[in-house]
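Containing compact mmCIF, C-alpha atoms and all ligand atoms: start-v8.txt.
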```txt
# COMPACT_ATOMS: atom_id res chain seq x y z
CA MET A 1 53.48 90.14 115.47
CA ILE A 2 57.03 90.72 114.35
CA LEU A 3 58.02 89.31 111.00
CA PHE A 4 61.58 88.38 110.17
CA GLY A 5 61.55 87.67 106.50
CA GLN A 6 59.99 84.28 106.10
CA ASN A 7 60.88 83.29 109.65
CA LEU A 8 58.40 84.15 112.34
CA TRP A 9 60.30 83.99 115.56
CA TYR A 10 57.20 82.70 117.33
CA ASP A 11 57.24 79.66 115.02
CA LYS A 12 60.78 78.89 115.97
CA LYS A 13 60.30 79.00 119.73
CA GLY A 14 60.88 75.63 121.28
CA ASP A 15 62.52 74.54 118.08
CA GLU A 16 65.75 76.47 117.64
CA MET A 17 66.43 79.53 119.71
CA LYS A 18 66.19 82.77 117.84
CA SER A 19 69.18 85.11 117.98
CA LEU A 20 69.03 88.70 119.20
CA TYR A 21 70.89 89.49 115.97
CA ASP A 22 67.67 88.71 114.09
CA PHE A 23 66.12 91.98 115.24
CA ASN A 24 66.76 95.21 113.44
CA TYR A 25 66.59 98.41 115.50
CA GLU A 26 62.87 98.99 115.09
CA GLN A 27 62.01 95.32 115.71
CA ILE A 28 63.94 95.17 118.96
CA GLN A 29 62.10 98.25 120.20
CA GLU A 30 58.82 96.67 119.17
CA TYR A 31 59.78 93.50 121.04
CA ALA A 32 60.52 95.54 124.17
CA LEU A 33 57.10 97.19 123.93
CA GLU A 34 55.41 93.80 123.49
CA GLN A 35 57.04 92.66 126.72
CA GLY A 36 55.57 95.70 128.46
CA TRP A 37 59.04 97.23 128.77
CA LYS A 38 59.93 100.74 127.79
CA LYS A 39 60.90 101.16 124.14
CA PHE A 40 64.22 102.44 125.49
CA ARG A 41 65.09 98.89 126.66
CA GLY A 42 65.20 97.86 123.01
CA HIS A 43 67.56 100.73 122.33
CA GLN A 44 69.80 99.68 125.23
CA ILE A 45 69.95 96.07 124.04
CA PHE A 46 70.82 97.21 120.51
CA GLN A 47 73.64 99.35 121.90
CA TRP A 48 75.03 96.48 123.96
CA LEU A 49 75.08 94.30 120.88
CA TYR A 50 76.48 96.71 118.32
CA ARG A 51 78.36 99.39 120.27
CA LYS A 52 79.86 97.27 123.05
CA HIS A 53 79.90 94.01 121.05
CA VAL A 54 78.63 92.06 124.04
CA THR A 55 77.71 88.42 123.38
CA ASN A 56 76.79 87.46 126.92
CA ILE A 57 73.37 88.78 127.98
CA ASP A 58 74.50 88.94 131.62
CA GLU A 59 77.00 91.62 130.66
CA MET A 60 74.15 93.98 129.73
CA SER A 61 74.58 95.60 133.11
CA ASP A 62 71.98 98.35 132.87
CA LEU A 63 69.17 95.82 132.38
CA SER A 64 67.47 94.33 135.41
CA LYS A 65 68.12 90.68 136.26
CA GLU A 66 64.51 89.94 135.41
CA THR A 67 64.87 91.47 131.94
CA ARG A 68 68.12 89.60 131.32
CA ASP A 69 66.49 86.34 132.44
CA ILE A 70 63.63 86.81 129.98
CA LEU A 71 66.11 87.49 127.20
CA LYS A 72 68.20 84.45 128.13
CA GLU A 73 65.14 82.20 128.18
CA ASN A 74 64.15 83.25 124.71
CA PHE A 75 67.28 84.17 122.78
CA ILE A 76 70.87 83.40 122.12
CA VAL A 77 73.20 86.15 120.93
CA ASN A 78 75.66 84.72 118.41
CA PRO A 79 74.52 81.63 116.49
CA CYS A 80 77.92 81.24 114.74
CA LYS A 81 80.74 79.22 116.24
CA MET A 82 84.15 79.84 114.67
CA VAL A 83 85.59 76.51 113.49
CA THR A 84 88.67 77.55 111.56
CA LYS A 85 90.40 80.73 110.59
CA GLN A 86 92.97 80.90 107.78
CA VAL A 87 95.13 83.99 107.46
CA SER A 88 96.76 84.69 104.11
CA SER A 89 100.11 86.45 103.69
CA ASP A 90 98.25 89.54 102.40
CA GLY A 91 96.08 89.67 105.55
CA THR A 92 92.98 88.19 103.90
CA THR A 93 91.31 86.05 106.55
CA LYS A 94 88.90 83.27 105.82
CA TYR A 95 86.54 82.15 108.58
CA LEU A 96 84.56 78.92 108.69
CA PHE A 97 81.58 79.03 111.05
CA GLU A 98 79.31 76.31 112.31
CA LEU A 99 75.65 77.21 112.83
CA GLU A 100 73.23 75.91 115.44
CA ASP A 101 71.95 73.18 113.10
CA GLY A 102 75.48 71.99 112.29
CA SER A 103 75.66 73.73 108.86
CA TYR A 104 78.92 75.35 107.82
CA ILE A 105 79.25 78.80 106.27
CA GLU A 106 82.20 80.95 105.22
CA SER A 107 83.06 84.62 105.48
CA VAL A 108 86.16 86.41 104.25
CA LEU A 109 87.80 89.55 105.62
CA MET A 110 89.77 91.57 103.07
CA ILE A 111 92.11 94.44 103.79
CA PHE A 112 91.98 97.44 101.45
CA ASN A 113 93.62 100.84 101.72
CA TYR A 114 90.13 102.32 102.21
CA GLY A 115 89.14 99.95 105.02
CA LYS A 116 88.27 96.43 106.03
CA SER A 117 85.68 94.61 104.00
CA ILE A 118 83.85 91.43 104.87
CA CYS A 119 82.34 89.09 102.31
CA VAL A 120 79.21 87.55 103.83
CA SER A 121 77.35 84.36 102.85
CA SER A 122 73.58 84.57 102.44
CA GLN A 123 72.62 80.88 102.18
CA VAL A 124 73.93 77.43 103.15
CA GLY A 125 74.93 76.26 99.68
CA CYS A 126 73.42 77.73 96.52
CA ASN A 127 70.90 76.60 93.91
CA MET A 128 71.87 78.94 91.09
CA GLY A 129 74.18 76.35 89.55
CA CYS A 130 76.72 78.69 87.89
CA ASP A 131 79.02 76.44 85.94
CA PHE A 132 82.30 77.88 87.28
CA CYS A 133 81.43 78.39 90.94
CA ALA A 134 82.51 76.34 93.96
CA SER A 135 79.53 77.40 96.09
CA GLY A 136 77.08 75.53 93.93
CA LEU A 137 78.96 72.27 94.32
CA LEU A 138 76.80 71.81 97.39
CA LYS A 139 73.13 72.54 96.73
CA LYS A 140 71.27 74.98 98.92
CA ARG A 141 70.36 73.48 102.26
CA ARG A 142 68.56 76.56 103.52
CA ASP A 143 68.48 80.33 103.62
CA LEU A 144 70.45 82.06 106.33
CA THR A 145 68.44 84.06 108.83
CA SER A 146 69.16 87.73 109.06
CA GLY A 147 70.80 87.06 112.45
CA GLU A 148 73.17 84.51 110.96
CA MET A 149 74.37 87.13 108.49
CA VAL A 150 74.73 89.73 111.24
CA ALA A 151 76.62 87.10 113.25
CA GLN A 152 79.25 86.77 110.51
CA VAL A 153 79.94 90.51 110.70
CA MET A 154 79.91 90.55 114.51
CA SER A 155 82.18 87.51 114.83
CA VAL A 156 84.74 89.09 112.54
CA GLN A 157 84.32 92.45 114.24
CA LYS A 158 84.94 90.84 117.64
CA ASP A 159 88.03 89.24 116.19
CA LEU A 160 89.21 92.73 115.16
CA ASP A 161 88.26 94.41 118.45
CA ALA A 162 91.64 93.64 120.03
CA THR A 163 93.37 95.67 117.32
CA GLY A 164 90.87 98.52 117.50
CA ASP A 165 89.96 98.02 113.82
CA ARG A 166 86.48 98.18 112.41
CA VAL A 167 84.65 96.39 109.63
CA SER A 168 83.89 99.32 107.33
CA HIS A 169 82.54 97.60 104.21
CA VAL A 170 80.26 94.62 103.62
CA VAL A 171 79.79 92.74 100.36
CA ILE A 172 77.12 90.04 100.11
CA MET A 173 79.16 87.96 97.72
CA GLY A 174 79.82 84.82 99.71
CA THR A 175 77.98 81.55 99.23
CA GLY A 176 74.35 81.93 98.17
CA GLU A 177 72.16 84.17 96.08
CA PRO A 178 71.07 87.15 98.22
CA PHE A 179 68.00 87.87 96.10
CA ASP A 180 66.87 84.27 96.66
CA ASN A 181 66.74 85.25 100.37
CA TYR A 182 65.52 88.78 99.86
CA GLU A 183 63.68 89.68 103.08
CA ASN A 184 66.39 88.37 105.38
CA VAL A 185 69.12 90.09 103.39
CA MET A 186 67.31 93.43 103.52
CA ASN A 187 66.76 93.02 107.26
CA PHE A 188 70.43 92.20 107.71
CA CYS A 189 71.44 95.34 105.79
CA SER A 190 69.16 97.50 107.90
CA THR A 191 70.67 96.11 111.13
CA ILE A 192 74.31 96.67 110.20
CA ASN A 193 73.56 100.04 108.61
CA HIS A 194 71.68 101.51 111.58
CA ASP A 195 73.38 104.60 112.97
CA ARG A 196 72.66 103.55 116.58
CA GLY A 197 74.67 100.36 116.01
CA LEU A 198 77.53 99.39 113.74
CA ALA A 199 76.67 102.29 111.43
CA ILE A 200 78.19 100.72 108.34
CA SER A 201 77.36 103.25 105.66
CA ALA A 202 74.77 102.09 103.10
CA ARG A 203 77.20 103.18 100.39
CA HIS A 204 79.67 100.68 101.82
CA ILE A 205 77.24 97.76 101.56
CA THR A 206 77.07 95.88 98.25
CA ILE A 207 74.54 93.24 97.24
CA SER A 208 75.61 91.02 94.37
CA THR A 209 73.04 89.08 92.33
CA CYS A 210 73.23 86.64 89.46
CA GLY A 211 70.19 88.39 88.00
CA ILE A 212 66.86 87.48 89.60
CA VAL A 213 64.80 89.99 87.67
CA PRO A 214 61.68 90.38 89.88
CA LYS A 215 63.88 90.96 92.92
CA ILE A 216 66.02 93.53 91.10
CA LYS A 217 62.76 95.39 90.51
CA SER A 218 61.72 95.07 94.17
CA PHE A 219 65.15 96.32 95.19
CA ALA A 220 64.83 99.23 92.75
CA ASN A 221 61.50 100.18 94.34
CA GLU A 222 63.07 100.39 97.79
CA GLN A 223 65.37 103.20 96.64
CA THR A 224 68.09 102.45 99.18
CA GLN A 225 71.67 103.67 99.07
CA TYR A 226 73.08 100.12 99.05
CA ASN A 227 75.22 99.27 96.03
CA LEU A 228 73.96 96.79 93.47
CA ALA A 229 76.38 94.48 91.65
CA ILE A 230 75.25 92.27 88.78
CA SER A 231 77.15 89.09 87.96
CA LEU A 232 77.17 89.30 84.20
CA HIS A 233 80.07 87.06 83.09
CA ALA A 234 78.84 86.81 79.48
CA PRO A 235 77.64 89.43 76.97
CA ASN A 236 75.32 87.21 74.93
CA ASN A 237 72.54 84.77 75.77
CA GLU A 238 74.15 81.74 74.20
CA LEU A 239 77.22 81.92 76.40
CA ARG A 240 75.39 83.17 79.48
CA ASP A 241 72.95 80.24 79.22
CA LYS A 242 75.94 77.91 79.44
CA LEU A 243 77.68 79.67 82.31
CA MET A 244 74.67 80.74 84.37
CA PRO A 245 71.41 78.74 84.26
CA ILE A 246 69.52 81.74 85.70
CA ASN A 247 69.86 83.25 82.23
CA LYS A 248 67.37 80.72 80.89
CA ALA A 249 64.74 82.06 83.27
CA TYR A 250 65.76 85.72 82.86
CA PRO A 251 67.68 86.28 79.61
CA LEU A 252 69.82 89.35 79.02
CA GLU A 253 66.97 91.43 77.52
CA GLU A 254 64.94 90.98 80.71
CA LEU A 255 67.95 91.54 82.94
CA MET A 256 68.82 94.78 81.17
CA GLY A 257 65.14 95.79 81.33
CA ALA A 258 65.22 95.38 85.11
CA ILE A 259 68.45 97.35 85.25
CA ASP A 260 66.90 100.14 83.19
CA TYR A 261 64.03 100.18 85.67
CA TYR A 262 66.52 100.35 88.57
CA CYS A 263 68.30 103.25 86.89
CA THR A 264 65.10 105.25 86.43
CA LEU A 265 64.45 105.08 90.19
CA ASN A 266 67.99 105.15 91.58
CA ASN A 267 70.78 107.51 90.78
CA ARG A 268 73.45 105.05 91.85
CA ARG A 269 76.41 103.68 89.95
CA LEU A 270 76.08 99.99 89.15
CA THR A 271 78.78 97.36 89.08
CA PHE A 272 78.86 94.55 86.54
CA GLU A 273 81.04 91.64 87.59
CA TYR A 274 82.82 89.79 84.81
CA ILE A 275 85.06 86.82 85.56
CA LEU A 276 87.66 86.38 82.83
CA LEU A 277 87.66 82.72 81.81
CA LYS A 278 90.43 81.77 79.44
CA GLY A 279 89.19 81.02 75.94
CA VAL A 280 85.55 81.29 77.03
CA ASN A 281 84.50 84.94 77.47
CA ASP A 282 87.78 86.81 76.90
CA GLN A 283 87.81 87.29 73.10
CA ASP A 284 87.51 90.46 70.99
CA GLU A 285 83.93 89.60 70.07
CA HIS A 286 83.11 89.67 73.80
CA VAL A 287 84.69 93.09 74.19
CA ASN A 288 82.53 94.37 71.34
CA GLN A 289 79.35 92.79 72.66
CA LEU A 290 80.01 94.05 76.20
CA ALA A 291 80.62 97.58 74.99
CA LYS A 292 77.38 97.53 73.02
CA LEU A 293 75.40 96.10 75.92
CA LEU A 294 76.66 98.51 78.58
CA LYS A 295 77.26 101.73 76.66
CA GLY A 296 75.67 104.71 78.33
CA TYR A 297 75.04 103.14 81.72
CA ASN A 298 76.22 104.78 84.92
CA ALA A 299 78.24 101.66 85.63
CA TYR A 300 81.61 100.06 85.56
CA ILE A 301 82.74 96.54 84.86
CA ASN A 302 84.72 94.80 87.54
CA LEU A 303 86.98 92.32 85.75
CA ILE A 304 87.63 89.45 88.12
CA PRO A 305 90.53 87.02 88.06
CA TYR A 306 89.01 83.54 88.25
CA ASN A 307 89.82 81.41 91.30
CA GLU A 308 90.22 78.04 89.72
CA VAL A 309 87.96 75.30 91.05
CA ASP A 310 89.30 71.78 90.37
CA GLU A 311 85.86 70.29 89.74
CA HIS A 312 84.98 72.70 86.93
CA GLY A 313 88.03 72.82 84.65
CA TYR A 314 87.83 76.51 83.71
CA ARG A 315 91.10 78.43 83.61
CA SER A 316 91.75 82.04 84.53
CA VAL A 317 93.37 84.45 82.07
CA ASP A 318 96.81 85.75 83.10
CA PHE A 319 97.19 89.31 84.28
CA ASP A 320 98.55 90.56 80.92
CA SER A 321 95.50 89.27 79.05
CA ALA A 322 93.22 90.79 81.66
CA LEU A 323 94.97 94.12 81.13
CA LYS A 324 94.53 93.88 77.35
CA PHE A 325 90.82 93.15 77.78
CA TYR A 326 90.62 96.13 80.14
CA ASP A 327 92.37 98.44 77.66
CA LYS A 328 90.08 97.45 74.81
CA LEU A 329 86.96 98.10 76.88
CA MET A 330 88.28 101.44 78.15
CA LYS A 331 89.02 102.46 74.55
CA LYS A 332 85.36 101.81 73.77
CA GLY A 333 84.34 104.13 76.58
CA ILE A 334 83.43 101.46 79.13
CA ARG A 335 84.79 102.10 82.61
CA CYS A 336 86.43 99.07 84.21
CA THR A 337 88.50 97.96 87.14
CA ILE A 338 90.48 94.79 87.59
CA ARG A 339 89.78 93.18 90.93
CA LYS A 340 92.87 92.62 93.00
CA GLU A 341 93.32 89.02 93.98
CA HIS A 342 93.06 88.30 97.68
CA GLY A 343 94.13 85.31 99.67
CA GLY A 344 95.70 83.45 96.76
CA ASP A 345 97.59 81.18 99.15
CA ILE A 346 94.53 80.01 101.10
CA ASP A 347 91.34 78.26 99.93
CA ALA A 348 90.24 81.48 98.33
CA ALA A 349 87.46 80.53 95.90
CA CYS A 350 84.03 81.03 97.37
CA GLY A 351 82.78 77.87 99.00
CA GLN A 352 86.05 75.94 98.84
CA LEU A 353 86.67 75.78 102.56
CA ARG A 354 83.12 74.74 103.32
CA ALA A 355 83.11 72.12 100.55
CA LYS A 356 86.26 70.61 102.05
CA LYS A 357 84.82 70.56 105.54
CA GLU A 358 81.61 68.91 104.33
CA ALA A 359 83.70 66.33 102.46
CA GLU A 360 85.58 65.52 105.69
CA ARG A 361 82.24 64.99 107.39
CA MET A 362 81.19 62.48 104.71
CA GLU A 363 84.37 60.44 105.13
N1 LIG B 401 74.99 84.77 93.94
C1 LIG B 401 75.51 86.08 93.92
C2 LIG B 401 76.52 86.37 94.98
C3 LIG B 401 77.53 85.31 95.31
S1 LIG B 401 78.82 85.04 94.14
C4 LIG B 401 76.04 86.42 92.55
O1 LIG B 401 76.00 85.56 91.67
O2 LIG B 401 76.43 87.55 92.32
C5 LIG B 401 79.79 86.48 94.15
C6 LIG B 401 80.61 86.69 92.89
O3 LIG B 401 81.70 85.75 92.81
C7 LIG B 401 79.80 86.47 91.63
O4 LIG B 401 80.10 87.45 90.67
C8 LIG B 401 80.27 85.11 91.20
O5 LIG B 401 79.98 84.88 89.86
C9 LIG B 401 81.73 85.17 91.53
N2 LIG B 401 82.43 83.89 91.58
C10 LIG B 401 81.91 82.67 91.77
N3 LIG B 401 82.87 81.73 91.71
C11 LIG B 401 84.04 82.37 91.48
C12 LIG B 401 85.38 81.95 91.32
N4 LIG B 401 85.72 80.67 91.41
N5 LIG B 401 86.31 82.89 91.07
C13 LIG B 401 85.97 84.20 91.01
N6 LIG B 401 84.72 84.66 91.17
C14 LIG B 401 83.76 83.76 91.40
```
Please express what this file holds, its structure, as structure tokens.
Ligand code: SAH
Amino acid sequence: MILFGQNLWYDKKGDEMKSLYDFNYEQIQEYALEQGWKKFRGHQIFQWLYRKHVTNIDEMSDLSKETRDILKENFIVNPCKMVTKQVSSDGTTKYLFELEDGSYIESVLMIFNYGKSICVSSQVGCNMGCDFCASGLLKKRRDLTSGEMVAQVMSVQKDLDATGDRVSHVVIMGTGEPFDNYENVMNFCSTINHDRGLAISARHITISTCGIVPKIKSFANEQTQYNLAISLHAPNNELRDKLMPINKAYPLEELMGAIDYYCTLNNRRLTFEYILLKGVNDQDEHVNQLAKLLKGYNAYINLIPYNEVDEHGYRSVDFDSALKFYDKLMKKGIRCTIRKEHGGDIDAACGQLRAKKEAERME
């Protein structure tokens, strides 16, 4: 029996059709064997999906009609329908997709000098309840399947195909908490990373978590080459409790303990994300606490300009203040970067586009 995270595809049959994108390379070969086909059929299907970007099973021309019919009876290819696409003046493109069950999700394509990066959602809504975040305005409806995450990458890739460009980087930083959907996220990463398919380098895939300690430890044990980013946003428990409820379950001491564990097993540089919220976490005391907390780690802090969300009332610092914060940290020996703002002229904050669309639906 093939297991896709918590979703057994057998359970879903007759309910919603499973997507071929739910299979990683090994699973699709296993499926082929279960059908009494040669393992090579699985390989061929994988190549059609990820090398030729085919979304119509009938175009898989080296499969027999009988094989294609079995696939068509049991699977769809892309479970994401593009609803809207907003292109910013800097090339940032925001996609809103509708899923088979009518849920909406968002993905964002960002253009960097080193390549094209897509920000993928991992859940429909989010339950983490961070006080500044637009995604959590709508509670989690469900986890995304691995195939629905693959579909975000493939839909954007197909959109790029005409220009000959390629999605080279993936960040799991859209709506949702990836470590609250661990198995499906890991399956997704394995599919897009596989060298017989899209071959997106593991070092170009980043998983961002708000700090679910047991899953950081599971991730550490897997010893992958994927990047780990930790949403820190506050250097002390009192403030972090206010900004991020997850801190009440896993306070900073436990989070840093899990990170220490990760570092003993993985020789990879970590990223700490830190949104600069005006008057909240941008003072000298925070610089000092941050430096103390992160001194000696093979890590850097990514200082993030805050995308203001009307419902929350937090304000972003201006660029000059961000630069001062940066300088003070660097002086204390903490490596930092300031994240470049993307798509400022479109609904850029995570979850904004989806929240609007859901609101329209309620009207
Ligand atoms: N749940 C995961 C991944 C999704 S959020 C996590 O918490 O890491 C991805 C990143 O965007 C997180 O660092 C999150 O705190 C940040 N973020 C959320 N809302 C934001 C906003 N309005 N402006 C800037 N960054 C935001």
Identify, counting only C-alpha atoms and all ligand atoms, the protein, DNA and RNA residues located within 8 Å of ligand LIG 401 (chain B), and give them as a tab-separated table (two decimals) with C-alpha atoms, in the frame of the given file.
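After the write, pocket-v4.tsv holds the following:
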```tsv
chain	number	residue	atom	x	y	z
A	121	SER	CA	77.35	84.36	102.85
A	126	CYS	CA	73.42	77.73	96.52
A	128	MET	CA	71.87	78.94	91.09
A	130	CYS	CA	76.72	78.69	87.89
A	132	PHE	CA	82.30	77.88	87.28
A	133	CYS	CA	81.43	78.39	90.94
A	134	ALA	CA	82.51	76.34	93.96
A	135	SER	CA	79.53	77.40	96.09
A	172	ILE	CA	77.12	90.04	100.11
A	173	MET	CA	79.16	87.96	97.72
A	174	GLY	CA	79.82	84.82	99.71
A	175	THR	CA	77.98	81.55	99.23
A	176	GLY	CA	74.35	81.93	98.17
A	177	GLU	CA	72.16	84.17	96.08
A	178	PRO	CA	71.07	87.15	98.22
A	179	PHE	CA	68.00	87.87	96.10
A	207	ILE	CA	74.54	93.24	97.24
A	208	SER	CA	75.61	91.02	94.37
A	209	THR	CA	73.04	89.08	92.33
A	210	CYS	CA	73.23	86.64	89.46
A	211	GLY	CA	70.19	88.39	88.00
A	229	ALA	CA	76.38	94.48	91.65
A	230	ILE	CA	75.25	92.27	88.78
A	231	SER	CA	77.15	89.09	87.96
A	232	LEU	CA	77.17	89.30	84.20
A	233	HIS	CA	80.07	87.06	83.09
A	273	GLU	CA	81.04	91.64	87.59
A	274	TYR	CA	82.82	89.79	84.81
A	275	ILE	CA	85.06	86.82	85.56
A	304	ILE	CA	87.63	89.45	88.12
A	305	PRO	CA	90.53	87.02	88.06
A	306	TYR	CA	89.01	83.54	88.25
A	307	ASN	CA	89.82	81.41	91.30
A	308	GLU	CA	90.22	78.04	89.72
A	309	VAL	CA	87.96	75.30	91.05
A	349	ALA	CA	87.46	80.53	95.90
A	350	CYS	CA	84.03	81.03	97.37
```
Exercise for the section: May I ask for the distance between atom CA of Gln44 of chain A and atom CA of Glu73 of chain A, given in Å to one decimal place? Expected result: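 For atom CA of Gln44 of chain A relative to atom CA of Glu73 of chain A, the distance reads 18.3 Å.
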Handout entry: Shell of 12 Å around segment 310-325 of chain A, all atoms listed in the file, local chain residues under 3 positions omitted, as an MDAnalysis selection string
Key = chainID A and resid 129:138 243 274:288 290:291 301:307 328:332 334:341 347 349 352 355
Problem - Atomic separation - atom CA of Val156 of chain A relative to atom CA of Ser117 of chain A, Å - result: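 Interatomic distance here is 10.2 Å.
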Exercise for the section: Could you give me, as a list in words, the residues that sit within 6 Å of (75.6, 99.0, 118.1) in the file's coordinates, counting all atoms listed in the file? Expected result: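 I get Phe46, Gln47, Leu49, Tyr50, Arg51, Arg196, Gly197 and Leu198 of chain A for the residues within 6 Å of that point.
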Handout entry: Minimum-distance residue to Gly257 of chain A, chosen among A:Met186, A:Met154, A:Val213, A:Val171 (using all atoms listed in the file)
Key =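 Ranked by minimum distance to Gly257 of chain A, first place goes to A:Val213.
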Fill in the blank from the handout: Across A:Ser88, A:Asn74, A:Ser168, A:Asn184, the smallest distance to Ser122 of chain A, with all atoms listed in the file counted, is shown by A:Asn184
Problem - Selected residue of minimal separation from Thr264 of chain A among A:Thr55, A:Gln223, A:Thr67, A:Gln86, counting all atoms listed in the file - result: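 Closest to Thr264 of chain A of all the choices is A:Gln223.
Nearest to Val120 of chain A of all the residues A:Gln27, A:Gln35, A:Gln225, A:Ser146 is A:Ser146, based on all atoms listed in the file.
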